[in-house]
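*Asks:* Quick one, run.txt (compact mmCIF, C-alpha atoms):
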```
# COMPACT_ATOMS: atom_id res chain seq x y z
CA MET Y 1 139.51 -207.90 75.25
CA THR Y 2 137.07 -207.54 72.43
CA ASN Y 3 136.51 -210.17 69.77
CA ASN Y 4 137.91 -207.71 67.23
CA ASP Y 5 141.15 -207.47 69.26
CA VAL Y 6 141.52 -211.26 69.25
CA LEU Y 7 140.87 -211.41 65.50
CA ARG Y 8 143.40 -208.61 64.81
CA ARG Y 9 146.08 -210.19 66.98
CA LEU Y 10 145.67 -213.64 65.41
CA ARG Y 11 145.81 -212.18 61.93
CA TYR Y 12 149.01 -210.31 62.76
CA THR Y 13 150.65 -213.19 64.67
CA PHE Y 14 150.13 -215.73 61.91
CA ASP Y 15 150.49 -213.20 59.07
CA PHE Y 16 147.14 -213.99 57.46
CA ASP Y 17 146.16 -211.90 54.45
CA ASP Y 18 142.54 -211.18 53.53
CA ASP Y 19 142.26 -214.25 51.30
CA ARG Y 20 143.55 -216.51 54.07
CA MET Y 21 141.13 -214.95 56.59
CA ILE Y 22 138.22 -215.54 54.20
CA ALA Y 23 139.36 -219.14 53.69
CA ILE Y 24 139.57 -219.73 57.46
CA PHE Y 25 136.04 -218.43 57.95
CA GLY Y 26 134.98 -220.78 55.15
CA LEU Y 27 136.61 -223.73 56.93
CA GLY Y 28 134.57 -222.74 59.99
CA GLY Y 29 131.40 -222.93 57.92
CA ALA Y 30 130.68 -219.22 57.39
CA PRO Y 31 131.42 -217.69 54.03
CA VAL Y 32 132.32 -214.02 54.52
CA THR Y 33 133.22 -211.19 52.19
CA ARG Y 34 136.44 -209.23 52.04
CA ALA Y 35 134.50 -206.13 53.14
CA GLN Y 36 133.22 -207.89 56.27
CA VAL Y 37 136.72 -209.05 57.22
CA SER Y 38 138.09 -205.58 56.57
CA ASP Y 39 135.42 -203.93 58.75
CA TRP Y 40 136.08 -206.37 61.63
CA LEU Y 41 139.81 -205.61 61.47
CA LYS Y 42 139.50 -201.82 61.44
CA ARG Y 43 140.39 -199.80 64.51
CA ASP Y 44 137.55 -199.14 66.93
CA ASP Y 45 137.45 -195.41 66.10
CA ASP Y 46 137.12 -195.98 62.33
CA PRO Y 47 133.63 -195.08 61.02
CA ALA Y 48 133.48 -198.34 59.02
CA PHE Y 49 134.36 -200.48 62.08
CA GLN Y 50 131.95 -203.37 62.71
CA GLU Y 51 131.83 -205.29 65.96
CA CYS Y 52 132.78 -208.96 65.65
CA SER Y 53 130.13 -211.06 67.39
CA ASP Y 54 130.85 -214.07 69.57
CA GLU Y 55 129.43 -216.37 66.91
CA VAL Y 56 131.64 -214.83 64.19
CA LEU Y 57 134.80 -215.23 66.30
CA ALA Y 58 133.78 -218.79 67.24
CA THR Y 59 133.40 -219.59 63.54
CA PHE Y 60 136.85 -218.16 62.82
CA LEU Y 61 138.41 -220.15 65.67
CA ASP Y 62 136.68 -223.34 64.47
CA GLY Y 63 138.09 -222.66 61.00
CA PHE Y 64 141.52 -222.08 62.52
CA ILE Y 65 141.28 -225.47 64.24
CA THR Y 66 140.37 -227.09 60.90
CA LEU Y 67 143.25 -225.28 59.18
CA LYS Y 68 145.81 -226.44 61.74
CA ARG Y 69 144.49 -229.93 62.56
CA GLY Y 70 142.53 -230.98 59.48
CA LYS Y 71 138.87 -231.69 58.88
CA GLN Y 72 137.22 -234.01 61.41
CA GLU Y 73 134.88 -236.86 60.54
CA GLY Y 74 131.18 -236.33 61.09
CA PRO Y 75 129.08 -233.20 61.20
CA ARG Y 76 130.68 -229.88 62.05
CA PRO Y 77 129.69 -228.61 65.51
CA ALA Y 78 127.71 -225.38 65.56
CA PRO Y 79 129.71 -222.33 66.65
CA GLU Y 80 129.07 -221.10 70.17
CA LYS Y 81 126.58 -218.26 70.50
CA ARG Y 82 128.42 -216.91 73.57
CA LEU Y 83 132.19 -216.90 74.01
CA ASN Y 84 134.34 -216.18 77.02
CA ASN Y 85 138.11 -216.04 77.41
CA ASN Y 86 138.23 -219.65 78.64
CA ILE Y 87 136.58 -220.91 75.44
CA ILE Y 88 138.87 -218.76 73.26
CA LEU Y 89 141.94 -220.06 75.10
CA ARG Y 90 140.71 -223.65 74.75
CA LYS Y 91 140.09 -223.27 71.01
CA LEU Y 92 143.56 -221.79 70.49
CA ARG Y 93 145.07 -224.63 72.50
CA ILE Y 94 143.26 -227.19 70.32
CA ALA Y 95 144.18 -225.47 67.05
CA LEU Y 96 147.87 -225.27 67.94
CA SER Y 97 147.94 -228.78 69.47
CA TYR Y 98 149.43 -227.32 72.65
CA ARG Y 99 149.94 -229.30 75.80
CA ASP Y 100 150.28 -227.73 79.26
CA ASP Y 101 154.02 -227.16 78.88
CA ASP Y 102 153.53 -225.39 75.53
CA MET Y 103 150.88 -223.11 77.01
CA LEU Y 104 153.05 -222.32 80.03
CA GLU Y 105 156.05 -221.57 77.79
CA VAL Y 106 154.03 -219.11 75.70
CA LEU Y 107 152.68 -217.39 78.81
CA HIS Y 108 156.16 -217.27 80.35
CA ARG Y 109 157.50 -215.73 77.13
CA ALA Y 110 154.97 -212.92 77.61
CA GLY Y 111 155.92 -212.36 81.25
CA MET Y 112 152.95 -214.22 82.74
CA PRO Y 113 154.33 -217.28 84.52
CA LEU Y 114 151.61 -219.64 85.75
CA THR Y 115 151.69 -223.06 87.34
CA LYS Y 116 150.14 -226.13 85.73
CA THR Y 117 147.45 -226.05 88.42
CA GLU Y 118 146.54 -222.44 87.64
CA LEU Y 119 146.45 -223.21 83.91
CA SER Y 120 144.32 -226.34 84.29
CA ALA Y 121 141.70 -224.31 86.20
CA PHE Y 122 140.92 -222.42 82.96
CA PHE Y 123 140.00 -225.66 81.17
CA ARG Y 124 137.66 -227.09 83.78
CA LYS Y 125 133.88 -227.00 83.55
CA PRO Y 126 132.38 -223.82 85.05
CA ASP Y 127 130.59 -225.77 87.79
CA HIS Y 128 133.81 -227.48 88.94
CA LYS Y 129 135.04 -226.23 92.31
CA HIS Y 130 138.52 -225.43 90.91
CA TYR Y 131 137.27 -223.64 87.77
CA ARG Y 132 138.75 -220.19 87.27
CA ALA Y 133 137.62 -217.57 84.77
CA CYS Y 134 140.37 -216.49 82.37
CA GLN Y 135 140.80 -212.75 82.76
CA ASP Y 136 141.51 -210.42 79.83
CA GLN Y 137 145.08 -209.89 81.03
CA ILE Y 138 145.89 -213.59 80.75
CA LEU Y 139 144.35 -213.97 77.29
CA ARG Y 140 146.13 -210.78 76.17
CA ARG Y 141 149.47 -212.07 77.48
CA PHE Y 142 148.90 -215.45 75.83
CA LEU Y 143 148.33 -213.73 72.49
CA GLN Y 144 151.45 -211.59 73.07
CA GLY Y 145 153.42 -214.76 73.80
CA LEU Y 146 152.16 -216.32 70.57
CA GLN Y 147 153.22 -213.19 68.72
CA ALA Y 148 156.69 -213.38 70.30
CA LYS Y 149 156.95 -217.06 69.40
CA TYR Y 150 155.70 -216.88 65.81
CA ARG Y 151 156.95 -213.43 64.82
CA GLY Y 152 159.96 -213.18 67.12
CA GLU Y 153 158.83 -209.93 68.68
CA GLY Y 154 156.56 -208.48 71.33
CA GLY Y 155 156.41 -210.41 74.56
CA ALA Y 156 155.94 -208.72 77.92
CA GLN Y 157 157.48 -205.43 76.84
CA GLY Y 158 154.78 -204.59 74.34
CA GLY Y 159 153.69 -206.63 71.42
CA ASP Y 160 150.54 -204.78 70.50
CA CYS Y 161 149.78 -205.41 66.90
CA ALA Y 162 148.57 -203.05 64.26
```
Just give me the structure of the file as structure tokens.
*Replies:*
Amino acid sequence: MTNNDVLRRLRYTFDFDDDRMIAIFGLGGAPVTRAQVSDWLKRDDDPAFQECSDEVLATFLDGFITLKRGKQEGPRPAPEKRLNNNIILRKLRIALSYRDDDMLEVLHRAGMPLTKTELSAFFRKPDHKHYRACQDQILRRFLQGLQAKYRGEGGAQGGDCA
């Protein structure tokens, strides 16, 4: 999955308008313009499409965490320069205050049943012997499950957003 896909799916799932997207980026510490947000959300074949970098998506996810959980004491951590699906999944888990059972329910809703052991492998440190890289399919299904939960649609049968 591309960063733009993740951004599009989150916007659709939580029904964020442009102003809300701009505000979330601001909460993450990166003021952006409406034009930038619009270009990141365009379809890949649109001439005005701009690729969303790892740092930009990390900033958005950090802002999403702040939106959902409130501002933390102390200095804001710098956004990651490199993202992978494990980090994206972890940030979504933090923002939504999900525990293992919540994560498993969302994945099950999207037709991707996992065990607690399989799920916990995604949140381990990369050098841990039981670490497992989160594949695109799992992140995609998690986002579909969120869409089914928050919008009452999608799930395993489809759920691609506009």
*Asks:* Residues at most 9 Å from Y:Asp100, counting all atoms listed in the file, excluding those fewer than 2 positions away in the same chain, as a list in words?
*Replies:*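 Neighbouring residues, sequence-local ones excluded: Tyr98, Asp102, Met103, Leu104, Glu105, Lys116, Leu119 and Ser120 of chain Y.
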*Asks:* Would you compute the box with edges along x, y and z of the file around stretch 66-73 of chain Y, including every atom the file lists for it and 6 Å extra on each side, and give its centre and edge lengths in Å to one decimal, as AutoDock Vina command-line options?
*Replies:*
```
--center_x 140.3 --center_y -231.1 --center_z 60.7 --size_x 22.9 --size_y 23.6 --size_z 15.7
```
*Asks:* How many Å lie between atom CA of Y:Pro113 and atom CA of Y:Ala95, rounded to one decimal?
*Replies:*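 Going from atom CA of Y:Pro113 over to atom CA of Y:Ala95 covers 21.8 Å.
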*Asks:* Find the spatial neighbours of stretch 18-34 of chain Y, counting all atoms listed in the file, within a cut-off of 7 Å - ignore same-chain residues fewer than 6 positions away - and output them as a ChimeraX atom specification.
*Replies:* /Y:59-60,62-64,66-67
*Asks:* Taking into account all atoms listed in the file, which residue in the set Y:Thr2, Y:Ser38, Y:Gln147, Y:Thr115 is nearest to Y:Ile88?
*Replies:*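 Closest candidate: Y:Thr2.
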*Asks:* Could you work out how far atom CA of Y:Leu89 lies from atom CA of Y:Asp54, giving the answer in Å with one decimal?
*Replies:*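 Pair atom CA of Y:Asp54 / atom CA of Y:Leu89 returns 13.8 Å.
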*Asks:* Rounded to one decimal in Å, what is the spacing between atom CA of Y:Asn4 and atom CA of Y:Glu80?
*Replies:*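 Going from atom CA of Y:Asn4 over to atom CA of Y:Glu80, I get 16.3 Å.
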*Asks:* Please provide the set of residues having any atom within 10 Å of stretch 128-135 of chain Y, restricted to all atoms listed in the file, with same-chain residues fewer than 5 positions apart removed, written as a PyMOL selection string.
*Replies:* chain Y and resi 1+84-89+117-123+140
*Asks:* Under the rule that only C-alpha atoms are counted, which of Y:Ala35, Y:Ala58, Y:Leu92, Y:Leu107 is the nearest residue to Y:Gly145?
*Replies:* Y:Leu107
*Asks:* Tell me which of Y:Asp101, Y:Asp17, Y:Asp136, Y:Asp5 sits closest to Y:Cys52, counting all atoms listed in the file.
*Replies:*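 Nearest to Y:Cys52: Y:Asp5.
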*Asks:* Y:Arg8, Y:Arg90, Y:Phe14, Y:Ala148: which is nearest Y:Lys125, counting all atoms listed in the file?
*Replies:*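 Looking at the shortest contact to Y:Lys125, the residue is Y:Arg90.
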*Asks:* Taking 4 positions as the minimum chain separation for residues in the same chain, which residues sit within 9 Å of Y:Ala48 when counting all atoms listed in the file? Answer as a list in words.
*Replies:* Ser38, Asp39, Trp40, Lys42, Arg43 and Asp44 of chain Y
*Asks:* Will you model N, CA and C atoms for stretch 25-60 of chain Y and pass it back as a PDB file, in the frame of the given file?
*Replies:*
```pdb
ATOM      1  N   PHE Y  25     137.469-218.533  57.635  1.00  0.00           N
ATOM      2  CA  PHE Y  25     136.040-218.430  57.950  1.00  0.00           C
ATOM      3  C   PHE Y  25     135.261-219.503  57.193  1.00  0.00           C
ATOM      4  N   GLY Y  26     135.631-219.746  55.937  1.00  0.00           N
ATOM      5  CA  GLY Y  26     134.980-220.780  55.150  1.00  0.00           C
ATOM      6  C   GLY Y  26     135.161-222.162  55.764  1.00  0.00           C
ATOM      7  N   LEU Y  27     136.366-222.442  56.262  1.00  0.00           N
ATOM      8  CA  LEU Y  27     136.610-223.730  56.930  1.00  0.00           C
ATOM      9  C   LEU Y  27     135.751-223.871  58.181  1.00  0.00           C
ATOM     10  N   GLY Y  28     135.428-222.737  58.800  1.00  0.00           N
ATOM     11  CA  GLY Y  28     134.570-222.740  59.990  1.00  0.00           C
ATOM     12  C   GLY Y  28     133.094-222.830  59.643  1.00  0.00           C
ATOM     13  N   GLY Y  29     132.778-222.763  58.354  1.00  0.00           N
ATOM     14  CA  GLY Y  29     131.400-222.930  57.920  1.00  0.00           C
ATOM     15  C   GLY Y  29     130.638-221.633  57.685  1.00  0.00           C
ATOM     16  N   ALA Y  30     131.354-220.503  57.610  1.00  0.00           N
ATOM     17  CA  ALA Y  30     130.680-219.220  57.390  1.00  0.00           C
ATOM     18  C   ALA Y  30     131.385-218.450  56.286  1.00  0.00           C
ATOM     19  N   PRO Y  31     130.818-218.499  55.092  1.00  0.00           N
ATOM     20  CA  PRO Y  31     131.420-217.690  54.030  1.00  0.00           C
ATOM     21  C   PRO Y  31     131.254-216.206  54.356  1.00  0.00           C
ATOM     22  N   VAL Y  32     132.352-215.459  54.250  1.00  0.00           N
ATOM     23  CA  VAL Y  32     132.320-214.020  54.520  1.00  0.00           C
ATOM     24  C   VAL Y  32     132.927-213.289  53.334  1.00  0.00           C
ATOM     25  N   THR Y  33     132.671-212.006  53.272  1.00  0.00           N
ATOM     26  CA  THR Y  33     133.220-211.190  52.190  1.00  0.00           C
ATOM     27  C   THR Y  33     134.476-210.468  52.681  1.00  0.00           C
ATOM     28  N   ARG Y  34     135.244-210.008  51.720  1.00  0.00           N
ATOM     29  CA  ARG Y  34     136.440-209.230  52.040  1.00  0.00           C
ATOM     30  C   ARG Y  34     136.058-207.965  52.809  1.00  0.00           C
ATOM     31  N   ALA Y  35     134.943-207.355  52.452  1.00  0.00           N
ATOM     32  CA  ALA Y  35     134.500-206.130  53.140  1.00  0.00           C
ATOM     33  C   ALA Y  35     134.174-206.410  54.606  1.00  0.00           C
ATOM     34  N   GLN Y  36     133.526-207.542  54.881  1.00  0.00           N
ATOM     35  CA  GLN Y  36     133.220-207.890  56.270  1.00  0.00           C
ATOM     36  C   GLN Y  36     134.508-208.061  57.072  1.00  0.00           C
ATOM     37  N   VAL Y  37     135.445-208.824  56.527  1.00  0.00           N
ATOM     38  CA  VAL Y  37     136.720-209.050  57.220  1.00  0.00           C
ATOM     39  C   VAL Y  37     137.415-207.715  57.458  1.00  0.00           C
ATOM     40  N   SER Y  38     137.440-206.881  56.452  1.00  0.00           N
ATOM     41  CA  SER Y  38     138.090-205.580  56.570  1.00  0.00           C
ATOM     42  C   SER Y  38     137.450-204.729  57.666  1.00  0.00           C
ATOM     43  N   ASP Y  39     136.124-204.734  57.740  1.00  0.00           N
ATOM     44  CA  ASP Y  39     135.420-203.930  58.750  1.00  0.00           C
ATOM     45  C   ASP Y  39     135.673-204.469  60.167  1.00  0.00           C
ATOM     46  N   TRP Y  40     135.805-205.786  60.316  1.00  0.00           N
ATOM     47  CA  TRP Y  40     136.080-206.370  61.630  1.00  0.00           C
ATOM     48  C   TRP Y  40     137.500-206.045  62.091  1.00  0.00           C
ATOM     49  N   LEU Y  41     138.409-205.848  61.135  1.00  0.00           N
ATOM     50  CA  LEU Y  41     139.810-205.610  61.470  1.00  0.00           C
ATOM     51  C   LEU Y  41     140.157-204.140  61.640  1.00  0.00           C
ATOM     52  N   LYS Y  42     139.240-203.262  61.307  1.00  0.00           N
ATOM     53  CA  LYS Y  42     139.500-201.820  61.440  1.00  0.00           C
ATOM     54  C   LYS Y  42     139.616-201.436  62.912  1.00  0.00           C
ATOM     55  N   ARG Y  43     140.273-200.325  63.150  1.00  0.00           N
ATOM     56  CA  ARG Y  43     140.390-199.800  64.510  1.00  0.00           C
ATOM     57  C   ARG Y  43     139.015-199.381  65.013  1.00  0.00           C
ATOM     58  N   ASP Y  44     138.855-199.415  66.330  1.00  0.00           N
ATOM     59  CA  ASP Y  44     137.550-199.140  66.930  1.00  0.00           C
ATOM     60  C   ASP Y  44     137.010-197.745  66.618  1.00  0.00           C
ATOM     61  N   ASP Y  45     137.896-196.784  66.359  1.00  0.00           N
ATOM     62  CA  ASP Y  45     137.450-195.410  66.100  1.00  0.00           C
ATOM     63  C   ASP Y  45     137.179-195.143  64.622  1.00  0.00           C
ATOM     64  N   ASP Y  46     137.377-196.128  63.762  1.00  0.00           N
ATOM     65  CA  ASP Y  46     137.120-195.980  62.330  1.00  0.00           C
ATOM     66  C   ASP Y  46     135.611-196.005  62.097  1.00  0.00           C
ATOM     67  N   PRO Y  47     135.090-195.102  61.265  1.00  0.00           N
ATOM     68  CA  PRO Y  47     133.630-195.080  61.020  1.00  0.00           C
ATOM     69  C   PRO Y  47     133.094-196.373  60.389  1.00  0.00           C
ATOM     70  N   ALA Y  48     133.928-197.112  59.673  1.00  0.00           N
ATOM     71  CA  ALA Y  48     133.480-198.340  59.020  1.00  0.00           C
ATOM     72  C   ALA Y  48     133.636-199.570  59.926  1.00  0.00           C
ATOM     73  N   PHE Y  49     134.138-199.383  61.137  1.00  0.00           N
ATOM     74  CA  PHE Y  49     134.360-200.480  62.080  1.00  0.00           C
ATOM     75  C   PHE Y  49     133.040-201.208  62.362  1.00  0.00           C
ATOM     76  N   GLN Y  50     133.105-202.548  62.343  1.00  0.00           N
ATOM     77  CA  GLN Y  50     131.950-203.370  62.710  1.00  0.00           C
ATOM     78  C   GLN Y  50     132.373-204.288  63.844  1.00  0.00           C
ATOM     79  N   GLU Y  51     131.522-204.415  64.840  1.00  0.00           N
ATOM     80  CA  GLU Y  51     131.830-205.290  65.960  1.00  0.00           C
ATOM     81  C   GLU Y  51     131.750-206.749  65.524  1.00  0.00           C
ATOM     82  N   CYS Y  52     132.723-207.528  65.945  1.00  0.00           N
ATOM     83  CA  CYS Y  52     132.780-208.960  65.650  1.00  0.00           C
ATOM     84  C   CYS Y  52     132.007-209.682  66.752  1.00  0.00           C
ATOM     85  N   SER Y  53     130.960-210.378  66.389  1.00  0.00           N
ATOM     86  CA  SER Y  53     130.130-211.060  67.390  1.00  0.00           C
ATOM     87  C   SER Y  53     130.824-212.312  67.903  1.00  0.00           C
ATOM     88  N   ASP Y  54     130.314-212.833  69.009  1.00  0.00           N
ATOM     89  CA  ASP Y  54     130.850-214.070  69.570  1.00  0.00           C
ATOM     90  C   ASP Y  54     130.760-215.206  68.555  1.00  0.00           C
ATOM     91  N   GLU Y  55     129.633-215.290  67.876  1.00  0.00           N
ATOM     92  CA  GLU Y  55     129.430-216.370  66.910  1.00  0.00           C
ATOM     93  C   GLU Y  55     130.405-216.264  65.734  1.00  0.00           C
ATOM     94  N   VAL Y  56     130.688-215.042  65.294  1.00  0.00           N
ATOM     95  CA  VAL Y  56     131.640-214.830  64.190  1.00  0.00           C
ATOM     96  C   VAL Y  56     133.042-215.254  64.622  1.00  0.00           C
ATOM     97  N   LEU Y  57     133.474-214.842  65.819  1.00  0.00           N
ATOM     98  CA  LEU Y  57     134.800-215.230  66.300  1.00  0.00           C
ATOM     99  C   LEU Y  57     134.869-216.743  66.514  1.00  0.00           C
ATOM    100  N   ALA Y  58     133.807-217.338  67.042  1.00  0.00           N
ATOM    101  CA  ALA Y  58     133.780-218.790  67.240  1.00  0.00           C
ATOM    102  C   ALA Y  58     133.934-219.514  65.909  1.00  0.00           C
ATOM    103  N   THR Y  59     133.291-219.002  64.881  1.00  0.00           N
ATOM    104  CA  THR Y  59     133.400-219.590  63.540  1.00  0.00           C
ATOM    105  C   THR Y  59     134.833-219.491  63.034  1.00  0.00           C
ATOM    106  N   PHE Y  60     135.457-218.328  63.240  1.00  0.00           N
ATOM    107  CA  PHE Y  60     136.850-218.160  62.820  1.00  0.00           C
ATOM    108  C   PHE Y  60     137.752-219.143  63.566  1.00  0.00           C
TER     109      PHE Y  60
END
```
